[in-house]
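Student: This is model36.json, which holds JSON, C-alpha atoms:
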```json
[["chain", "number", "residue", "atom", "x", "y", "z"],
["B", 1, "MET", "CA", -26.31, 36.02, -10.04],
["B", 2, "ASN", "CA", -23.40, 35.87, -12.45],
["B", 3, "GLU", "CA", -24.64, 34.01, -15.53],
["B", 4, "ASN", "CA", -21.15, 33.89, -17.01],
["B", 5, "PRO", "CA", -18.88, 32.67, -14.23],
["B", 6, "THR", "CA", -15.30, 33.78, -14.39],
["B", 7, "PRO", "CA", -12.49, 31.21, -14.31],
["B", 8, "THR", "CA", -12.07, 31.91, -10.59],
["B", 9, "ASP", "CA", -15.76, 31.07, -9.98],
["B", 10, "ARG", "CA", -15.57, 27.65, -11.62],
["B", 11, "PRO", "CA", -13.31, 25.93, -9.07],
["B", 12, "MET", "CA", -15.76, 26.90, -6.31],
["B", 13, "ASN", "CA", -18.61, 25.35, -8.30],
["B", 14, "ASP", "CA", -16.54, 22.19, -8.74],
["B", 15, "LEU", "CA", -15.89, 22.04, -5.00],
["B", 16, "GLU", "CA", -19.58, 22.43, -4.19],
["B", 17, "GLU", "CA", -20.17, 19.27, -6.21],
["B", 18, "LEU", "CA", -17.78, 17.47, -3.87],
["B", 19, "PHE", "CA", -19.67, 18.72, -0.82],
["B", 20, "GLU", "CA", -22.90, 17.47, -2.36],
["B", 21, "LYS", "CA", -21.35, 14.05, -2.99],
["B", 22, "ASN", "CA", -20.22, 14.04, 0.63],
["B", 23, "ARG", "CA", -23.75, 14.77, 1.83],
["B", 24, "GLU", "CA", -25.13, 11.98, -0.36],
["B", 25, "TRP", "CA", -22.56, 9.54, 0.99],
["B", 26, "ALA", "CA", -23.34, 10.48, 4.61],
["B", 27, "ARG", "CA", -27.09, 10.10, 4.04],
["B", 28, "GLU", "CA", -26.71, 6.73, 2.32],
["B", 29, "THR", "CA", -24.30, 5.43, 4.94],
["B", 30, "GLU", "CA", -26.59, 6.41, 7.82],
["B", 31, "ALA", "CA", -29.61, 4.98, 6.00],
["B", 32, "THR", "CA", -28.01, 1.60, 5.37],
["B", 33, "LYS", "CA", -26.17, 1.46, 8.70],
["B", 34, "PRO", "CA", -28.22, 3.41, 11.26],
["B", 35, "GLY", "CA", -26.07, 4.85, 14.04],
["B", 36, "PHE", "CA", -22.83, 4.25, 12.11],
["B", 37, "PHE", "CA", -21.36, 7.71, 12.72],
["B", 38, "SER", "CA", -22.40, 7.74, 16.38],
["B", 39, "ARG", "CA", -20.60, 4.45, 16.93],
["B", 40, "LEU", "CA", -17.59, 5.62, 14.94],
["B", 41, "LEU", "CA", -17.37, 8.74, 17.08],
["B", 42, "GLN", "CA", -17.00, 6.70, 20.26],
["B", 43, "GLN", "CA", -13.86, 4.82, 19.36],
["B", 44, "GLN", "CA", -11.14, 4.16, 16.83],
["B", 45, "ALA", "CA", -10.15, 0.50, 17.00],
["B", 46, "PRO", "CA", -8.75, -0.68, 13.67],
["B", 47, "GLN", "CA", -6.89, -3.97, 13.56],
["B", 48, "TYR", "CA", -4.85, -3.03, 10.50],
["B", 49, "LEU", "CA", -2.21, -0.49, 9.54],
["B", 50, "TRP", "CA", -1.86, 0.03, 5.78],
["B", 51, "ILE", "CA", 1.41, 1.57, 4.56],
["B", 52, "GLY", "CA", 0.88, 2.31, 0.91],
["B", 53, "CYS", "CA", 1.54, 4.60, -2.02],
["B", 54, "ALA", "CA", -0.01, 8.07, -2.22],
["B", 55, "ASP", "CA", -1.34, 7.20, -5.69],
["B", 56, "SER", "CA", -5.00, 8.25, -5.87],
["B", 57, "ARG", "CA", -5.93, 4.96, -7.55],
["B", 58, "VAL", "CA", -4.98, 2.86, -4.51],
["B", 59, "PRO", "CA", -7.49, 3.59, -1.69],
["B", 60, "ALA", "CA", -6.96, 1.22, 1.23],
["B", 61, "ASN", "CA", -10.50, 0.87, 2.61],
["B", 62, "GLU", "CA", -12.15, 0.37, -0.75],
["B", 63, "ILE", "CA", -9.63, -2.22, -1.90],
["B", 64, "LEU", "CA", -10.13, -4.26, 1.26],
["B", 65, "GLY", "CA", -13.89, -3.78, 1.22],
["B", 66, "LEU", "CA", -13.79, -2.23, 4.69],
["B", 67, "LEU", "CA", -15.50, 0.77, 6.27],
["B", 68, "PRO", "CA", -14.07, 3.99, 7.72],
["B", 69, "GLY", "CA", -12.54, 3.16, 11.09],
["B", 70, "ASP", "CA", -11.38, -0.32, 10.06],
["B", 71, "VAL", "CA", -7.95, 0.62, 8.67],
["B", 72, "PHE", "CA", -5.30, 3.04, 9.94],
["B", 73, "VAL", "CA", -3.45, 4.42, 6.91],
["B", 74, "HIS", "CA", -0.08, 5.96, 6.10],
["B", 75, "ARG", "CA", 0.74, 6.80, 2.48],
["B", 76, "ASN", "CA", 3.65, 8.38, 0.66],
["B", 77, "VAL", "CA", 5.25, 8.31, -2.77],
["B", 78, "ALA", "CA", 6.19, 4.70, -3.62],
["B", 79, "ASN", "CA", 5.27, 3.30, -0.16],
["B", 80, "VAL", "CA", 8.73, 3.87, 1.29],
["B", 81, "VAL", "CA", 9.63, 3.33, 4.96],
["B", 82, "VAL", "CA", 12.76, 5.20, 5.99],
["B", 83, "HIS", "CA", 14.21, 4.74, 9.46],
["B", 84, "SER", "CA", 14.66, 8.50, 9.85],
["B", 85, "ASP", "CA", 11.12, 9.38, 8.71],
["B", 86, "LEU", "CA", 9.47, 10.54, 11.93],
["B", 87, "ASN", "CA", 6.13, 10.84, 10.18],
["B", 88, "ALA", "CA", 5.98, 7.15, 9.28],
["B", 89, "LEU", "CA", 7.49, 6.09, 12.59],
["B", 90, "SER", "CA", 4.96, 8.16, 14.52],
["B", 91, "VAL", "CA", 2.08, 6.57, 12.61],
["B", 92, "MET", "CA", 3.48, 3.12, 13.31],
["B", 93, "GLN", "CA", 4.04, 3.83, 16.99],
["B", 94, "PHE", "CA", 0.52, 5.21, 17.43],
["B", 95, "ALA", "CA", -1.01, 2.30, 15.53],
["B", 96, "ILE", "CA", 0.91, -0.33, 17.51],
["B", 97, "ASP", "CA", 1.09, 1.15, 21.00],
["B", 98, "ILE", "CA", -2.18, 3.08, 21.19],
["B", 99, "LEU", "CA", -4.53, 1.38, 18.73],
["B", 100, "ALA", "CA", -3.02, -2.10, 19.19],
["B", 101, "VAL", "CA", -3.25, -3.08, 15.53],
["B", 102, "LYS", "CA", -2.59, -6.75, 14.81],
["B", 103, "HIS", "CA", -1.41, -6.51, 11.21],
["B", 104, "ILE", "CA", 0.74, -4.10, 9.19],
["B", 105, "PHE", "CA", 0.34, -4.27, 5.43],
["B", 106, "VAL", "CA", 3.08, -2.76, 3.27],
["B", 107, "VAL", "CA", 1.32, -2.40, -0.07],
["B", 108, "GLY", "CA", 2.90, -1.39, -3.36],
["B", 109, "HIS", "CA", 1.16, -1.33, -6.72],
["B", 110, "TYR", "CA", 2.09, -2.30, -10.24],
["B", 111, "GLY", "CA", 2.73, 0.63, -12.56],
["B", 112, "CYS", "CA", 3.90, 2.86, -9.71],
["B", 113, "GLY", "CA", 5.13, 6.19, -11.09],
["B", 114, "GLY", "CA", 7.74, 6.61, -8.37],
["B", 115, "VAL", "CA", 9.16, 3.15, -8.96],
["B", 116, "THR", "CA", 9.19, 3.72, -12.73],
["B", 117, "ALA", "CA", 11.04, 7.01, -12.28],
["B", 118, "ALA", "CA", 13.58, 5.32, -10.01],
["B", 119, "LEU", "CA", 14.14, 2.48, -12.45],
["B", 120, "HIS", "CA", 14.78, 4.77, -15.41],
["B", 121, "ASP", "CA", 16.47, 7.67, -13.58],
["B", 122, "ARG", "CA", 13.70, 10.06, -14.60],
["B", 123, "ARG", "CA", 13.70, 13.47, -12.93],
["B", 124, "VAL", "CA", 10.36, 14.52, -11.47],
["B", 125, "GLY", "CA", 11.39, 17.36, -9.17],
["B", 126, "LEU", "CA", 11.77, 17.56, -5.42],
["B", 127, "ALA", "CA", 10.46, 14.00, -5.12],
["B", 128, "ASP", "CA", 13.70, 12.80, -6.74],
["B", 129, "ASN", "CA", 15.27, 12.99, -3.28],
["B", 130, "TRP", "CA", 12.59, 10.71, -1.83],
["B", 131, "ILE", "CA", 12.61, 8.33, -4.80],
["B", 132, "ARG", "CA", 16.34, 7.92, -4.21],
["B", 133, "HIS", "CA", 15.36, 5.30, -1.63],
["B", 134, "VAL", "CA", 13.75, 3.24, -4.40],
["B", 135, "LYS", "CA", 16.86, 3.68, -6.52],
["B", 136, "ASP", "CA", 18.79, 2.09, -3.66],
["B", 137, "VAL", "CA", 16.46, -0.91, -3.97],
["B", 138, "ARG", "CA", 17.04, -0.96, -7.73],
["B", 139, "ASN", "CA", 20.81, -0.91, -7.29],
["B", 140, "LYS", "CA", 20.75, -3.58, -4.59],
["B", 141, "HIS", "CA", 18.79, -5.97, -6.80],
["B", 142, "TRP", "CA", 20.11, -5.00, -10.22],
["B", 143, "ASP", "CA", 21.23, -8.58, -10.84],
["B", 144, "VAL", "CA", 17.56, -9.63, -10.77],
["B", 145, "LEU", "CA", 16.30, -6.70, -12.84],
["B", 146, "ALA", "CA", 19.04, -6.99, -15.47],
["B", 147, "GLU", "CA", 17.84, -10.49, -16.38],
["B", 148, "ILE", "CA", 14.35, -9.22, -17.27],
["B", 149, "THR", "CA", 14.06, -8.13, -20.90],
["B", 150, "ASP", "CA", 10.41, -7.01, -20.88],
["B", 151, "PRO", "CA", 10.39, -3.31, -19.79],
["B", 152, "ALA", "CA", 6.91, -3.50, -18.25],
["B", 153, "LEU", "CA", 7.79, -6.66, -16.37],
["B", 154, "GLN", "CA", 10.97, -5.02, -15.13],
["B", 155, "VAL", "CA", 8.89, -2.24, -13.54],
["B", 156, "ASP", "CA", 6.61, -4.86, -11.96],
["B", 157, "ALA", "CA", 9.61, -6.68, -10.52],
["B", 158, "LEU", "CA", 10.98, -3.49, -8.96],
["B", 159, "CYS", "CA", 7.54, -2.72, -7.49],
["B", 160, "GLU", "CA", 7.65, -6.11, -5.78],
["B", 161, "LEU", "CA", 11.29, -5.80, -4.72],
["B", 162, "ASN", "CA", 10.51, -2.42, -3.22],
["B", 163, "VAL", "CA", 7.74, -3.96, -1.11],
["B", 164, "LEU", "CA", 10.08, -6.68, 0.15],
["B", 165, "GLU", "CA", 12.67, -4.10, 1.17],
["B", 166, "GLN", "CA", 10.12, -1.86, 2.87],
["B", 167, "VAL", "CA", 8.72, -4.82, 4.82],
["B", 168, "HIS", "CA", 12.26, -5.51, 6.00],
["B", 169, "HIS", "CA", 12.61, -1.85, 6.99],
["B", 170, "VAL", "CA", 9.34, -1.90, 8.94],
["B", 171, "CYS", "CA", 10.41, -5.03, 10.79],
["B", 172, "SER", "CA", 13.77, -3.42, 11.63],
["B", 173, "THR", "CA", 12.31, -0.28, 13.20],
["B", 174, "THR", "CA", 12.60, 0.18, 16.95],
["B", 175, "VAL", "CA", 8.81, 0.50, 17.11],
["B", 176, "VAL", "CA", 8.17, -2.99, 15.74],
["B", 177, "GLN", "CA", 11.18, -4.54, 17.43],
["B", 178, "ASP", "CA", 10.04, -3.18, 20.81],
["B", 179, "ALA", "CA", 6.51, -4.44, 20.23],
["B", 180, "TRP", "CA", 7.78, -7.93, 19.48],
["B", 181, "SER", "CA", 10.14, -7.88, 22.46],
["B", 182, "ARG", "CA", 7.21, -7.38, 24.80],
["B", 183, "GLY", "CA", 5.23, -10.15, 23.14],
["B", 184, "ALA", "CA", 2.80, -8.11, 21.04],
["B", 185, "ALA", "CA", 0.75, -10.12, 18.55],
["B", 186, "LEU", "CA", 1.81, -8.16, 15.48],
["B", 187, "ILE", "CA", 2.39, -9.50, 11.97],
["B", 188, "VAL", "CA", 3.93, -7.53, 9.09],
["B", 189, "HIS", "CA", 2.94, -8.48, 5.52],
["B", 190, "GLY", "CA", 4.02, -7.48, 2.02],
["B", 191, "TRP", "CA", 1.42, -7.15, -0.73],
["B", 192, "VAL", "CA", 1.17, -5.52, -4.14],
["B", 193, "TYR", "CA", -1.98, -4.23, -5.84],
["B", 194, "GLY", "CA", -2.87, -4.63, -9.51],
["B", 195, "LEU", "CA", -4.35, -1.52, -11.08],
["B", 196, "HIS", "CA", -5.25, -3.64, -14.11],
["B", 197, "ASP", "CA", -7.56, -6.04, -12.24],
["B", 198, "GLY", "CA", -8.15, -4.60, -8.76],
["B", 199, "LEU", "CA", -6.62, -7.60, -7.01],
["B", 200, "LEU", "CA", -4.08, -7.78, -4.22],
["B", 201, "VAL", "CA", -1.12, -10.13, -4.58],
["B", 202, "ASP", "CA", 0.40, -11.70, -1.49],
["B", 203, "LEU", "CA", 4.19, -11.65, -1.95],
["B", 204, "SER", "CA", 4.51, -14.37, 0.72],
["B", 205, "ILE", "CA", 6.56, -12.27, 3.09],
["B", 206, "SER", "CA", 5.07, -12.19, 6.58],
["B", 207, "ALA", "CA", 6.80, -11.97, 9.94],
["B", 208, "GLY", "CA", 5.36, -12.14, 13.43],
["B", 209, "ASN", "CA", 8.58, -11.95, 15.42],
["B", 210, "ALA", "CA", 12.16, -10.74, 15.05],
["B", 211, "GLU", "CA", 13.53, -14.21, 14.38],
["B", 212, "ALA", "CA", 11.21, -14.77, 11.40],
["B", 213, "VAL", "CA", 12.14, -11.63, 9.46],
["B", 214, "GLU", "CA", 15.28, -12.71, 7.64],
["B", 215, "THR", "CA", 13.91, -16.14, 6.71],
["B", 216, "ALA", "CA", 10.69, -14.62, 5.35],
["B", 217, "TYR", "CA", 12.63, -11.98, 3.41],
["B", 218, "GLN", "CA", 15.07, -14.43, 1.83],
["B", 219, "SER", "CA", 12.32, -16.89, 0.97],
["B", 220, "ALA", "CA", 10.18, -14.22, -0.71],
["B", 221, "LEU", "CA", 13.18, -12.84, -2.57],
["B", 222, "GLU", "CA", 14.12, -16.27, -3.89],
["B", 223, "ALA", "CA", 10.53, -16.92, -4.97],
["B", 224, "LEU", "CA", 10.52, -13.60, -6.82],
["B", 225, "ARG", "CA", 13.79, -14.44, -8.56],
["B", 226, "GLU", "CA", 12.46, -17.80, -9.73],
["B", 227, "ARG", "CA", 9.12, -16.39, -10.84],
["B", 228, "TYR", "CA", 10.64, -13.71, -13.05],
["B", 229, "ALA", "CA", 13.44, -15.97, -14.31],
["B", 230, "HIS", "CA", 10.88, -18.42, -15.68],
["B", 231, "GLU", "CA", 8.35, -15.88, -16.87],
["B", 232, "GLN", "CA", 7.06, -16.93, -20.30],
["B", 233, "ARG", "CA", 3.54, -15.51, -20.52],
["B", 234, "THR", "CA", 2.43, -11.90, -20.47],
["B", 235, "PRO", "CA", 2.91, -10.27, -17.04],
["B", 236, "GLN", "CA", -0.77, -9.76, -16.38],
["B", 237, "GLU", "CA", -1.81, -13.29, -17.36],
["B", 238, "THR", "CA", 0.82, -14.97, -15.23],
["B", 239, "ARG", "CA", 0.18, -12.72, -12.30],
["B", 240, "ARG", "CA", -3.56, -13.39, -12.41],
["B", 241, "ARG", "CA", -3.04, -17.14, -12.49],
["B", 242, "ALA", "CA", -0.40, -17.22, -9.79],
["B", 243, "ALA", "CA", -1.91, -14.75, -7.37],
["B", 244, "SER", "CA", -5.67, -14.57, -7.81],
["B", 245, "ASN", "CA", -6.52, -17.27, -5.26],
["B", 246, "ALA", "CA", -4.05, -15.90, -2.70],
["B", 247, "ALA", "CA", -5.41, -12.38, -3.16],
["B", 248, "LEU", "CA", -9.02, -13.41, -2.66],
["B", 249, "LYS", "CA", -8.05, -15.49, 0.36],
["B", 250, "ALA", "CA", -6.16, -12.55, 1.89],
["B", 251, "ILE", "CA", -9.06, -10.13, 1.42],
["B", 252, "GLY", "CA", -11.52, -12.69, 2.76],
["B", 253, "ALA", "CA", -9.43, -13.23, 5.86],
["B", 254, "VAL", "CA", -9.28, -9.48, 6.51],
["B", 255, "ARG", "CA", -13.03, -9.10, 6.15],
["B", 256, "ALA", "CA", -13.79, -12.12, 8.32],
["B", 257, "ALA", "CA", -11.55, -10.87, 11.11],
["B", 258, "THR", "CA", -13.03, -7.36, 11.15],
["B", 259, "PRO", "CA", -15.76, -6.84, 13.76],
["B", 260, "ARG", "CA", -18.94, -5.21, 12.48]]
```
Let's see the structure in the file written out as structure tokens.
Tutor:
Amino acid sequence: MNENPTPTDRPMNDLEELFEKNREWARETEATKPGFFSRLLQQQAPQYLWIGCADSRVPANEILGLLPGDVFVHRNVANVVVHSDLNALSVMQFAIDILAVKHIFVVGHYGCGGVTAALHDRRVGLADNWIRHVKDVRNKHWDVLAEITDPALQVDALCELNVLEQVHHVCSTTVVQDAWSRGAALIVHGWVYGLHDGLLVDLSISAGNAEAVETAYQSALEALRERYAHEQRTPQETRRRAASNAALKAIGAVRAATPR
């Protein structure tokens, strides 16, 4: 056995640690929930589709307190939904038409690197082309952002504005429009996640039919404008006070509605 592993040996040792953690997780899960994997193997019936950021600090199931199989997930840089993105559209179509999900959550997060890069025109590489979609959001709502003098709060505002726009995009897709036209019970929501406290914030934009989209969007946008226009405290303090109850209520509702 090589007592002095070479640099190329070390990554394999690191990966073995991950396999061991996986085995521990599987043993603990089966011990606490006997038959869990057998039941999971038989069906995939989540009620929720989570469209979120690829950021490793924002794991959907853990944030919602749900188990594998409870949430169908699509993630990309800065939780963007583009009408020409066949990957996202395929996930949505499968979730809606095959899995019959009841809720779609578009979830951004404060401190998003993609949003920050878009706000400040920072080059990051190939992803610049993708982040261009967030720059479009920035340009569309520059009148709101220009009134915010706190740089950190300005990033937070764009994170929220990006969620509102992506919710609007989701609702405008043929997949969702077709589902609503045939009477599907499907509601699209816009949330944002706080890395600083682990809480979800409901941005009060939800639509369950085509007619409700524009009203929900305009109402949420106006509420955002007013909130940031009258911001006097630190961003985190205000956000905790304004959104903590709504966040806990939202998570509780998701857990209560999930069959065990």
Student: Give me the residues near segment 151-155 of chain B as a short mmCIF file (atom, residue, chain, number, x, y, z; two decimals) with C-alpha atoms, in the coordinates of the input, where near means some atom within 8 Å (using only C-alpha atoms) and where sequence neighbours in that chain fewer than 3 positions away do not count.
Tutor:
```cif
data_model
loop_
_atom_site.label_atom_id
_atom_site.label_comp_id
_atom_site.auth_asym_id
_atom_site.auth_seq_id
_atom_site.Cartn_x
_atom_site.Cartn_y
_atom_site.Cartn_z
CA TYR B 110 2.09 -2.30 -10.24
CA GLY B 111 2.73 0.63 -12.56
CA VAL B 115 9.16 3.15 -8.96
CA THR B 116 9.19 3.72 -12.73
CA LEU B 119 14.14 2.48 -12.45
CA LEU B 145 16.30 -6.70 -12.84
CA ILE B 148 14.35 -9.22 -17.27
CA LEU B 158 10.98 -3.49 -8.96
CA CYS B 159 7.54 -2.72 -7.49
CA PRO B 235 2.91 -10.27 -17.04
#
```
Student: Need the shell around Val137 of chain B: protein/DNA/RNA residues with any atom at most 9 Å away, counting all atoms listed in the file. Skip same-chain ones fewer than 6 positions apart. Format as a PDB file with C-alpha atoms, keeping the file's coordinate frame?
Tutor:
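Result went into selection.pdb, see below:
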```pdb
ATOM      1  CA  LEU B 158      10.980  -3.490  -8.960  1.00  0.00           C
ATOM      2  CA  LEU B 161      11.290  -5.800  -4.720  1.00  0.00           C
ATOM      3  CA  ASN B 162      10.510  -2.420  -3.220  1.00  0.00           C
ATOM      4  CA  GLU B 165      12.670  -4.100   1.170  1.00  0.00           C
TER       5      GLU B 165
END
```
Student: Just want the 12 Å neighbourhood of segment 221-228 of chain B, counted on all atoms listed in the file, with same-chain residues fewer than 6 positions away dropped. Output as a ChimeraX atom specification.
Tutor: /B:141-150,153-165,167-168,190,202-205,214-215,234-235,238-239,242-243
Student: Residues proximal to (1.5, -11.5, 11.0) were defined as those with any atom within 7 Å of that point in the file's coordinates, counting all atoms listed in the file. Which are they, as an mmCIF file with C-alpha atoms, keeping the file's coordinate frame?
Tutor:
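Ended up saving to selection.cif:
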```cif
data_model
loop_
_atom_site.group_PDB
_atom_site.id
_atom_site.type_symbol
_atom_site.label_atom_id
_atom_site.label_comp_id
_atom_site.auth_asym_id
_atom_site.auth_seq_id
_atom_site.Cartn_x
_atom_site.Cartn_y
_atom_site.Cartn_z
ATOM 1 C CA HIS B 103 -1.410 -6.510 11.210
ATOM 2 C CA LEU B 186 1.810 -8.160 15.480
ATOM 3 C CA ILE B 187 2.390 -9.500 11.970
ATOM 4 C CA VAL B 188 3.930 -7.530 9.090
ATOM 5 C CA HIS B 189 2.940 -8.480 5.520
ATOM 6 C CA SER B 206 5.070 -12.190 6.580
ATOM 7 C CA ALA B 207 6.800 -11.970 9.940
ATOM 8 C CA GLY B 208 5.360 -12.140 13.430
#
```
Student: Would you list the contacts of Ile51 of chain B as a PDB file with C-alpha atoms, in the frame of the given file, taking every protein, DNA or RNA residue within 10 Å and counting all atoms listed in the file, but skipping same-chain residues closer than 6 positions in sequence?
Tutor:
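Dumped everything to selection-v8.pdb:
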```pdb
ATOM      1  CA  ALA B  60      -6.960   1.220   1.230  1.00  0.00           C
ATOM      2  CA  PHE B  72      -5.300   3.040   9.940  1.00  0.00           C
ATOM      3  CA  VAL B  73      -3.450   4.420   6.910  1.00  0.00           C
ATOM      4  CA  HIS B  74      -0.080   5.960   6.100  1.00  0.00           C
ATOM      5  CA  ARG B  75       0.740   6.800   2.480  1.00  0.00           C
ATOM      6  CA  ASN B  76       3.650   8.380   0.660  1.00  0.00           C
ATOM      7  CA  ALA B  78       6.190   4.700  -3.620  1.00  0.00           C
ATOM      8  CA  ASN B  79       5.270   3.300  -0.160  1.00  0.00           C
ATOM      9  CA  VAL B  80       8.730   3.870   1.290  1.00  0.00           C
ATOM     10  CA  VAL B  81       9.630   3.330   4.960  1.00  0.00           C
ATOM     11  CA  ALA B  88       5.980   7.150   9.280  1.00  0.00           C
ATOM     12  CA  VAL B  91       2.080   6.570  12.610  1.00  0.00           C
ATOM     13  CA  MET B  92       3.480   3.120  13.310  1.00  0.00           C
ATOM     14  CA  ILE B 104       0.740  -4.100   9.190  1.00  0.00           C
ATOM     15  CA  PHE B 105       0.340  -4.270   5.430  1.00  0.00           C
ATOM     16  CA  VAL B 106       3.080  -2.760   3.270  1.00  0.00           C
ATOM     17  CA  VAL B 107       1.320  -2.400  -0.070  1.00  0.00           C
ATOM     18  CA  GLY B 108       2.900  -1.390  -3.360  1.00  0.00           C
ATOM     19  CA  GLN B 166      10.120  -1.860   2.870  1.00  0.00           C
ATOM     20  CA  VAL B 167       8.720  -4.820   4.820  1.00  0.00           C
ATOM     21  CA  VAL B 170       9.340  -1.900   8.940  1.00  0.00           C
ATOM     22  CA  GLY B 190       4.020  -7.480   2.020  1.00  0.00           C
TER      23      GLY B 190
END
```
Student: Return the single residue from B:Glu16, B:Asp70, B:Glu62, B:Asp97 that is closest to Gly198 of chain B, with distances computed using all atoms listed in the file.
Tutor: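 For Gly198 of chain B, the nearest of the candidates is B:Glu62.
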Student: Just the residues within 10 Å of Arg57 of chain B, please, counting only C-alpha atoms, with nothing from its chain fewer than 6 positions along; format it as a VMD selection string.
Tutor: chain B and resid 63 109 195 198
Student: Using only C-alpha atoms, find the one residue out of B:Asn139, B:Leu64, B:Phe94, B:Arg27 that sits nearest to Leu199 of chain B.
Tutor: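 Selected residue with least distance to Leu199 of chain B: B:Leu64.
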Student: Need the axis-aligned box for segment 177-191 of chain B with 5 Å each side, so what are the centre and edges in Å to one decimal, as AutoDock Vina command-line options?
Tutor:
```
--center_x 6.0 --center_y -6.7 --center_z 12.0 --size_x 20.4 --size_y 17.0 --size_z 35.5
```
Student: May I ask which of the residues B:Tyr193, B:Phe36, B:Trp50, B:Trp25 is the closest one to Ala95 of chain B, counting all atoms listed in the file?
Tutor: B:Trp50
Student: Find the distance between atom CA of Val175 of chain B and atom CA of Leu89 of chain B and write it in Å to one decimal.
Tutor: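 So the answer is 7.3 Å.
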Student: Please measure the separation of atom CA of Ala210 of chain B and atom CA of His83 of chain B, giving the value in Å to one decimal.
Tutor: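 Those two atoms sit 16.6 Å apart.
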Student: Between B:Gln47, B:Gln93, B:Gln42, B:Gln218, which residue has the minimum interatomic distance to Ala179 of chain B, considering all atoms listed in the file?
Tutor: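 For Ala179 of chain B, the nearest of the candidates is B:Gln93.
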Student: What does the distance between atom CA of Leu126 of chain B and atom CA of Val192 of chain B come to in Å, to one decimal place?
Tutor: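 Value for the atom CA of Leu126 of chain B-atom CA of Val192 of chain B distance: 25.4 Å.
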Student: Smallest atom-to-atom distance to Arg182 of chain B: which of B:Ile96, B:Val77, B:Val201, B:Ala118, using all atoms listed in the file?
Tutor: B:Ile96
